[in-house]
$ cat structure08.tsv   # TSV, C-alpha atoms
chain	number	residue	atom	x	y	z
W	1	ASN	CA	7.70	20.28	21.53
W	2	ALA	CA	5.89	17.04	22.20
W	3	GLY	CA	3.71	15.62	19.48
W	4	VAL	CA	0.36	13.94	19.87
W	5	MET	CA	0.52	11.40	22.67
W	6	GLN	CA	-1.61	8.30	22.89
W	7	ASN	CA	-1.79	5.68	25.58
W	8	PRO	CA	-1.72	2.88	25.99
W	9	ARG	CA	0.16	1.88	22.85
W	10	HIS	CA	-1.16	-1.65	23.10
W	11	LEU	CA	-4.32	-2.79	24.84
W	12	VAL	CA	-5.66	-6.31	25.20
W	13	ARG	CA	-9.21	-6.88	26.30
W	14	ARG	CA	-11.51	-9.89	26.53
W	15	ARG	CA	-14.89	-9.81	24.87
W	16	GLY	CA	-17.38	-7.85	26.97
W	17	GLN	CA	-14.81	-5.68	28.72
W	18	GLU	CA	-14.40	-1.95	28.32
W	19	ALA	CA	-11.56	-0.24	26.48
W	20	ARG	CA	-10.45	3.32	27.22
W	21	LEU	CA	-8.06	5.00	24.83
W	22	ARG	CA	-6.44	8.32	25.67
W	23	CYS	CA	-5.14	11.08	23.46
W	24	SER	CA	-3.28	14.22	24.43
W	25	PRO	CA	-3.13	16.67	21.51
W	26	MET	CA	-0.14	18.76	20.60
W	27	LYS	CA	0.41	21.76	22.84
W	28	GLY	CA	-1.96	24.55	21.88
W	29	HIS	CA	-4.19	22.33	19.76
W	30	SER	CA	-7.85	22.26	20.76
W	31	HIS	CA	-9.20	20.10	17.92
W	32	VAL	CA	-9.01	16.32	18.15
W	33	TYR	CA	-9.94	13.63	15.64
W	34	TRP	CA	-10.20	9.87	16.12
W	35	TYR	CA	-9.65	7.40	13.28
W	36	ARG	CA	-9.74	3.61	13.15
W	37	GLN	CA	-7.54	1.45	10.96
W	38	LEU	CA	-8.38	-2.18	10.32
W	39	PRO	CA	-5.55	-4.47	9.17
W	40	GLU	CA	-4.38	-3.78	5.60
W	41	GLU	CA	-6.81	-0.86	5.25
W	42	GLY	CA	-6.70	2.91	5.30
W	43	LEU	CA	-7.87	5.02	8.20
W	44	LYS	CA	-11.58	5.64	8.68
W	45	PHE	CA	-12.83	8.79	10.39
W	46	MET	CA	-14.76	8.26	13.61
W	47	VAL	CA	-15.27	11.54	15.48
W	48	TYR	CA	-14.12	15.16	15.64
W	49	LEU	CA	-14.11	16.99	18.96
W	50	GLN	CA	-13.28	20.43	20.20
W	51	LYS	CA	-12.84	21.14	23.89
W	52	GLU	CA	-16.03	19.95	25.62
W	53	ASN	CA	-17.90	19.62	22.31
W	54	ILE	CA	-18.51	16.87	19.79
W	55	ILE	CA	-18.46	18.53	16.39
W	56	ASP	CA	-18.88	15.57	14.04
W	57	GLU	CA	-19.54	11.98	15.11
W	58	SER	CA	-20.71	10.72	11.73
W	59	GLY	CA	-18.15	7.90	11.73
W	60	MET	CA	-18.90	6.55	15.17
W	61	PRO	CA	-20.80	3.29	15.53
W	62	LYS	CA	-24.18	3.99	17.04
W	63	GLU	CA	-23.73	1.70	20.02
W	64	ARG	CA	-20.96	0.98	22.52
W	65	PHE	CA	-18.65	3.78	21.30
W	66	SER	CA	-18.36	7.21	22.89
W	67	ALA	CA	-15.81	10.01	22.92
W	68	GLU	CA	-15.14	13.04	25.02
W	69	PHE	CA	-12.64	15.87	25.19
W	70	PRO	CA	-13.00	17.57	28.58
W	71	LYS	CA	-11.85	21.05	29.43
W	72	GLU	CA	-8.93	19.58	31.33
W	73	GLY	CA	-7.15	16.36	30.45
W	74	PRO	CA	-6.89	14.13	27.42
W	75	SER	CA	-9.53	13.10	24.95
W	76	ILE	CA	-10.98	9.66	25.69
W	77	LEU	CA	-12.37	7.13	23.24
W	78	ARG	CA	-14.42	4.59	25.15
W	79	ILE	CA	-15.58	1.26	23.77
W	80	GLN	CA	-17.99	-0.67	25.95
W	81	GLN	CA	-18.54	-4.44	25.78
W	82	VAL	CA	-15.82	-4.94	23.19
W	83	VAL	CA	-16.19	-7.57	20.46
W	84	ARG	CA	-13.52	-9.19	18.29
W	85	GLY	CA	-14.43	-6.87	15.40
W	86	ASP	CA	-13.25	-3.91	17.47
W	87	SER	CA	-9.66	-5.14	17.15
W	88	ALA	CA	-7.88	-2.41	15.22
W	89	ALA	CA	-5.44	0.45	15.50
W	90	TYR	CA	-7.02	3.63	16.79
W	91	PHE	CA	-5.31	6.87	15.86
W	92	CYS	CA	-5.81	10.30	17.28
W	93	ALA	CA	-4.90	13.49	15.43
W	94	SER	CA	-4.96	17.12	16.44
W	95	SER	CA	-5.01	20.45	14.68
W	96	LEU	CA	-4.39	24.01	15.73
W	97	PHE	CA	-7.74	25.48	14.76
W	98	ARG	CA	-10.90	24.59	12.89
W	99	GLY	CA	-10.18	24.54	9.20
W	100	ALA	CA	-6.47	23.92	9.72
W	101	ASN	CA	-6.34	21.05	7.36
W	102	GLU	CA	-3.03	19.63	8.46
W	103	GLN	CA	-3.67	17.10	11.17
W	104	PHE	CA	-0.84	15.72	13.27
W	105	PHE	CA	-1.19	12.08	14.19
W	106	GLY	CA	-0.25	10.18	17.31
W	107	PRO	CA	1.43	6.75	17.30
W	108	GLY	CA	-1.88	4.93	17.76
W	109	THR	CA	-3.31	2.42	20.20
W	110	ARG	CA	-3.47	-1.16	19.00
W	111	LEU	CA	-6.50	-2.83	20.53
W	112	THR	CA	-6.70	-6.60	20.52
W	113	VAL	CA	-9.90	-8.27	21.66
W	114	LEU	CA	-9.51	-11.89	22.67
G	1	SER	CA	-16.80	3.29	-0.41
G	2	GLN	CA	-13.37	4.84	-0.30
G	3	GLN	CA	-13.07	8.45	-1.35
G	4	GLY	CA	-9.45	7.82	-2.27
G	5	GLU	CA	-8.04	4.85	-4.05
G	6	GLU	CA	-4.31	4.49	-4.46
G	7	ASP	CA	-2.60	2.50	-7.12
G	8	PRO	CA	-0.64	0.43	-7.28
G	9	GLN	CA	-1.52	-1.40	-4.08
G	10	ALA	CA	2.09	-2.53	-3.79
G	11	LEU	CA	5.29	-1.39	-5.46
G	12	SER	CA	8.84	-2.76	-5.23
G	13	ILE	CA	11.76	-0.89	-6.76
G	14	GLN	CA	15.54	-0.82	-6.52
G	15	GLU	CA	17.17	1.76	-4.29
G	16	GLY	CA	17.97	4.87	-6.28
G	17	GLU	CA	15.03	4.52	-8.65
G	18	ASN	CA	12.02	6.82	-8.63
G	19	ALA	CA	8.70	5.69	-7.17
G	20	THR	CA	5.36	6.98	-8.41
G	21	MET	CA	2.07	6.40	-6.63
G	22	ASN	CA	-1.35	7.57	-7.76
G	23	CYS	CA	-4.51	8.50	-5.92
G	24	SER	CA	-7.98	8.95	-7.34
G	25	TYR	CA	-10.97	10.38	-5.55
G	26	LYS	CA	-14.65	10.77	-6.27
G	27	THR	CA	-15.95	14.14	-5.05
G	28	SER	CA	-14.71	17.72	-5.24
G	29	ILE	CA	-12.11	18.41	-2.62
G	30	ASN	CA	-10.63	21.30	-0.69
G	31	ASN	CA	-7.19	19.79	-0.07
G	32	LEU	CA	-5.34	16.56	-0.69
G	33	GLN	CA	-2.58	15.33	1.58
G	34	TRP	CA	-0.09	12.50	1.48
G	35	TYR	CA	0.97	10.60	4.58
G	36	ARG	CA	3.56	7.90	5.20
G	37	GLN	CA	3.09	5.06	7.65
G	38	ASN	CA	5.92	2.80	8.66
G	39	SER	CA	4.90	-0.71	9.66
G	40	GLY	CA	3.07	-0.66	12.98
G	41	ARG	CA	3.56	3.06	13.47
G	42	GLY	CA	1.58	6.27	13.24
G	43	LEU	CA	1.23	8.53	10.25
G	44	VAL	CA	3.75	11.13	9.21
G	45	HIS	CA	2.48	14.09	7.23
G	46	LEU	CA	4.39	14.54	3.98
G	47	ILE	CA	2.77	17.24	1.94
G	48	LEU	CA	-0.52	19.11	1.47
G	49	ILE	CA	-1.70	20.42	-1.88
G	50	ARG	CA	-4.69	22.73	-2.19
G	51	SER	CA	-7.36	22.34	-4.83
G	52	ASN	CA	-6.17	25.46	-6.65
G	53	GLU	CA	-2.58	24.17	-6.85
G	54	ARG	CA	-1.27	21.86	-9.55
G	55	GLU	CA	2.16	20.87	-8.29
G	56	LYS	CA	4.15	21.02	-5.11
G	57	HIS	CA	7.68	20.00	-4.12
G	58	SER	CA	9.24	19.11	-0.82
G	59	GLY	CA	12.78	17.73	-0.90
G	60	ARG	CA	12.68	14.48	-2.89
G	61	LEU	CA	8.88	14.56	-3.04
G	62	ARG	CA	6.82	15.92	-5.89
G	63	VAL	CA	3.03	15.96	-5.77
G	64	THR	CA	0.72	16.81	-8.64
G	65	LEU	CA	-3.01	17.38	-8.55
G	66	ASP	CA	-5.40	17.21	-11.50
G	67	THR	CA	-8.84	18.25	-10.30
G	68	SER	CA	-10.39	17.64	-13.72
G	69	LYS	CA	-9.41	13.97	-13.47
G	70	LYS	CA	-9.84	13.86	-9.69
G	71	SER	CA	-6.40	12.39	-9.28
G	72	SER	CA	-3.06	13.06	-7.65
G	73	SER	CA	0.37	11.53	-7.90
G	74	LEU	CA	3.26	11.31	-5.45
G	75	LEU	CA	6.75	10.97	-6.89
G	76	ILE	CA	9.68	10.04	-4.67
G	77	THR	CA	12.96	10.58	-6.45
G	78	ALA	CA	16.24	8.76	-5.74
G	79	SER	CA	14.54	6.31	-3.40
G	80	ARG	CA	16.24	5.06	-0.23
G	81	ALA	CA	15.71	1.98	1.89
G	82	ALA	CA	14.21	4.23	4.57
G	83	ASP	CA	11.39	5.14	2.17
G	84	THR	CA	9.97	1.64	2.62
G	85	ALA	CA	6.50	2.26	4.08
G	86	SER	CA	2.83	2.53	3.20
G	87	TYR	CA	1.71	5.78	1.59
G	88	PHE	CA	-1.80	7.14	1.90
G	89	CYS	CA	-3.60	10.01	0.27
G	90	ALA	CA	-6.27	11.81	2.27
G	91	THR	CA	-8.81	14.35	1.11
G	92	ASP	CA	-11.05	16.84	2.81
G	93	VAL	CA	-13.95	18.84	1.48
G	94	PHE	CA	-14.62	22.50	2.11
G	95	GLY	CA	-16.36	23.07	5.43
G	96	ASN	CA	-15.66	19.58	6.74
G	97	GLU	CA	-12.50	18.88	8.68
G	98	LYS	CA	-12.52	15.09	8.57
G	99	LEU	CA	-9.98	13.39	6.34
G	100	THR	CA	-11.00	10.57	4.04
G	101	PHE	CA	-8.15	8.16	3.42
G	102	GLY	CA	-7.40	5.88	0.53
G	103	THR	CA	-6.40	2.26	0.88
G	104	GLY	CA	-2.69	2.97	0.53
G	105	THR	CA	0.29	1.89	-1.55
G	106	ARG	CA	2.83	-0.37	0.10
G	107	LEU	CA	6.27	0.68	-1.16
G	108	THR	CA	9.30	-1.56	-0.75
G	109	ILE	CA	12.76	-0.28	-1.63
G	110	ILE	CA	15.21	-3.06	-2.38
G	111	PRO	CA	18.78	-2.21	-1.29
$ encode --input "structure08.tsv" --output "structure tokens"
Amino acid sequence: NAGVMQNPRHLVRRRGQEARLRCSPMKGHSHVYWYRQLPEEGLKFMVYLQKENIIDESGMPKERFSAEFPKEGPSILRIQQVVRGDSAAYFCASSLFRGANEQFFGPGTRLTVL
Amino acid sequence: SQQGEEDPQALSIQEGENATMNCSYKTSINNLQWYRQNSGRGLVHLILIRSNEREKHSGRLRVTLDTSKKSSSLLITASRAADTASYFCATDVFGNEKLTFGTGTRLTIIP
């Protein structure tokens, strides 16, 4: 039973490029969450999606960041025109249903912006 | 500001000793969870305690919750070198699925 999958595990981008981070939830899970972790800090919530819907994007920066979770395929976190401050670990988590408080986390994508 | 604050920020103990970490939070919660993160890795779920529970056990782990003081503690008994990791508490509020994480305690077990 595969867990939450994220790819790539490491991503290097130059300033101004785009970064696309993918997350495949656990089998049967239709709720996906994205979190960002800066060095030496805890995780900060970014966005919560259900299939084809954004439920809560209160933690997303207003510009350059977007997320989707299509009917088919993985959830995508997209960062346009990356800046050095975007360098962080981005974690995806999934849960079985809304209100299932236990979230299962993926291994993360470490984004480095040069 | 952080909903959860763990203390201490860092803790080093000898293998075999018990490790206690604390977490404080600011608002009323629905659940509180503890996660472990090994260096450079993802998070592993350890234990969830509901707001109407006071204590929970899982193997060598013991979690307590005091809602009147808005605090929780995680006790790891008979520590092992493999317990070396960062430990985070995370809270959620009723009707909102997002988790709010604390800043973490970095635990080092000295063999």
$ atom_distance --input "structure08.tsv" --atom1 "atom CA of Asn53 of chain W" --atom2 "atom CA of Ala67 of chain W"
9.9 Å
$ residues_near_point --input "structure08.tsv" --point "(-10.9, 1.5, 5.5)" --cutoff "12 Å" --atoms "only C-alpha atoms" --output "PyMOL selection string"
(chain W and resi 35-46+59+88-89) or (chain G and resi 1-5+88+90+99-104)
$ residues_around --input "structure08.tsv" --residues "segment 76-79 of chain G" --least-positions-apart "3" --cutoff "7 Å" --atoms "only C-alpha atoms" --output "list in words"
Glu15, Gly16, Glu17, Asn18, Ala19, Thr20, Arg60, Leu61, Arg62 and Asp83 of chain G
$ interface_residues --input "structure08.tsv" --of "chain W" --to "chain G" --cutoff "12 Å" --atoms "all atoms listed in the file" --output "short mmCIF file (atom, residue, chain, number, x, y, z; two decimals) with C-alpha atoms, in the coordinates of the input"
data_model
loop_
_atom_site.label_atom_id
_atom_site.label_comp_id
_atom_site.auth_asym_id
_atom_site.auth_seq_id
_atom_site.Cartn_x
_atom_site.Cartn_y
_atom_site.Cartn_z
CA GLY W 3 3.71 15.62 19.48
CA VAL W 4 0.36 13.94 19.87
CA MET W 5 0.52 11.40 22.67
CA GLN W 6 -1.61 8.30 22.89
CA ARG W 9 0.16 1.88 22.85
CA HIS W 10 -1.16 -1.65 23.10
CA HIS W 31 -9.20 20.10 17.92
CA VAL W 32 -9.01 16.32 18.15
CA TYR W 33 -9.94 13.63 15.64
CA TRP W 34 -10.20 9.87 16.12
CA TYR W 35 -9.65 7.40 13.28
CA ARG W 36 -9.74 3.61 13.15
CA GLN W 37 -7.54 1.45 10.96
CA LEU W 38 -8.38 -2.18 10.32
CA PRO W 39 -5.55 -4.47 9.17
CA GLU W 40 -4.38 -3.78 5.60
CA GLU W 41 -6.81 -0.86 5.25
CA GLY W 42 -6.70 2.91 5.30
CA LEU W 43 -7.87 5.02 8.20
CA LYS W 44 -11.58 5.64 8.68
CA PHE W 45 -12.83 8.79 10.39
CA MET W 46 -14.76 8.26 13.61
CA VAL W 47 -15.27 11.54 15.48
CA TYR W 48 -14.12 15.16 15.64
CA LEU W 49 -14.11 16.99 18.96
CA GLN W 50 -13.28 20.43 20.20
CA ILE W 55 -18.46 18.53 16.39
CA ASP W 56 -18.88 15.57 14.04
CA GLU W 57 -19.54 11.98 15.11
CA SER W 58 -20.71 10.72 11.73
CA GLY W 59 -18.15 7.90 11.73
CA ALA W 88 -7.88 -2.41 15.22
CA ALA W 89 -5.44 0.45 15.50
CA TYR W 90 -7.02 3.63 16.79
CA PHE W 91 -5.31 6.87 15.86
CA CYS W 92 -5.81 10.30 17.28
CA ALA W 93 -4.90 13.49 15.43
CA SER W 94 -4.96 17.12 16.44
CA SER W 95 -5.01 20.45 14.68
CA LEU W 96 -4.39 24.01 15.73
CA PHE W 97 -7.74 25.48 14.76
CA ARG W 98 -10.90 24.59 12.89
CA GLY W 99 -10.18 24.54 9.20
CA ALA W 100 -6.47 23.92 9.72
CA ASN W 101 -6.34 21.05 7.36
CA GLU W 102 -3.03 19.63 8.46
CA GLN W 103 -3.67 17.10 11.17
CA PHE W 104 -0.84 15.72 13.27
CA PHE W 105 -1.19 12.08 14.19
CA GLY W 106 -0.25 10.18 17.31
CA PRO W 107 1.43 6.75 17.30
CA GLY W 108 -1.88 4.93 17.76
CA THR W 109 -3.31 2.42 20.20
CA ARG W 110 -3.47 -1.16 19.00
#
$ atom_distance --input "structure08.tsv" --atom1 "atom CA of Ile13 of chain G" --atom2 "atom CA of Leu74 of chain G"
14.9 Å
$ atom_distance --input "structure08.tsv" --atom1 "atom CA of Ala85 of chain G" --atom2 "atom CA of Leu107 of chain G"
5.5 Å
$ closest_residue --input "structure08.tsv" --among "G:Thr108, G:Ser71, G:Asn52, G:Ser12" --to "Ser24 of chain G" --atoms "all atoms listed in the file"
G:Ser71
$ closest_residue --input "structure08.tsv" --among "G:Ser39, G:Ser51, G:Thr84, G:Gln9" --to "Pro111 of chain G" --atoms "all atoms listed in the file"
G:Thr84
$ closest_residue --input "structure08.tsv" --among "W:Arg84, W:Lys27, W:Arg15, W:Arg20" --to "Glu68 of chain W" --atoms "all atoms listed in the file"
W:Arg20
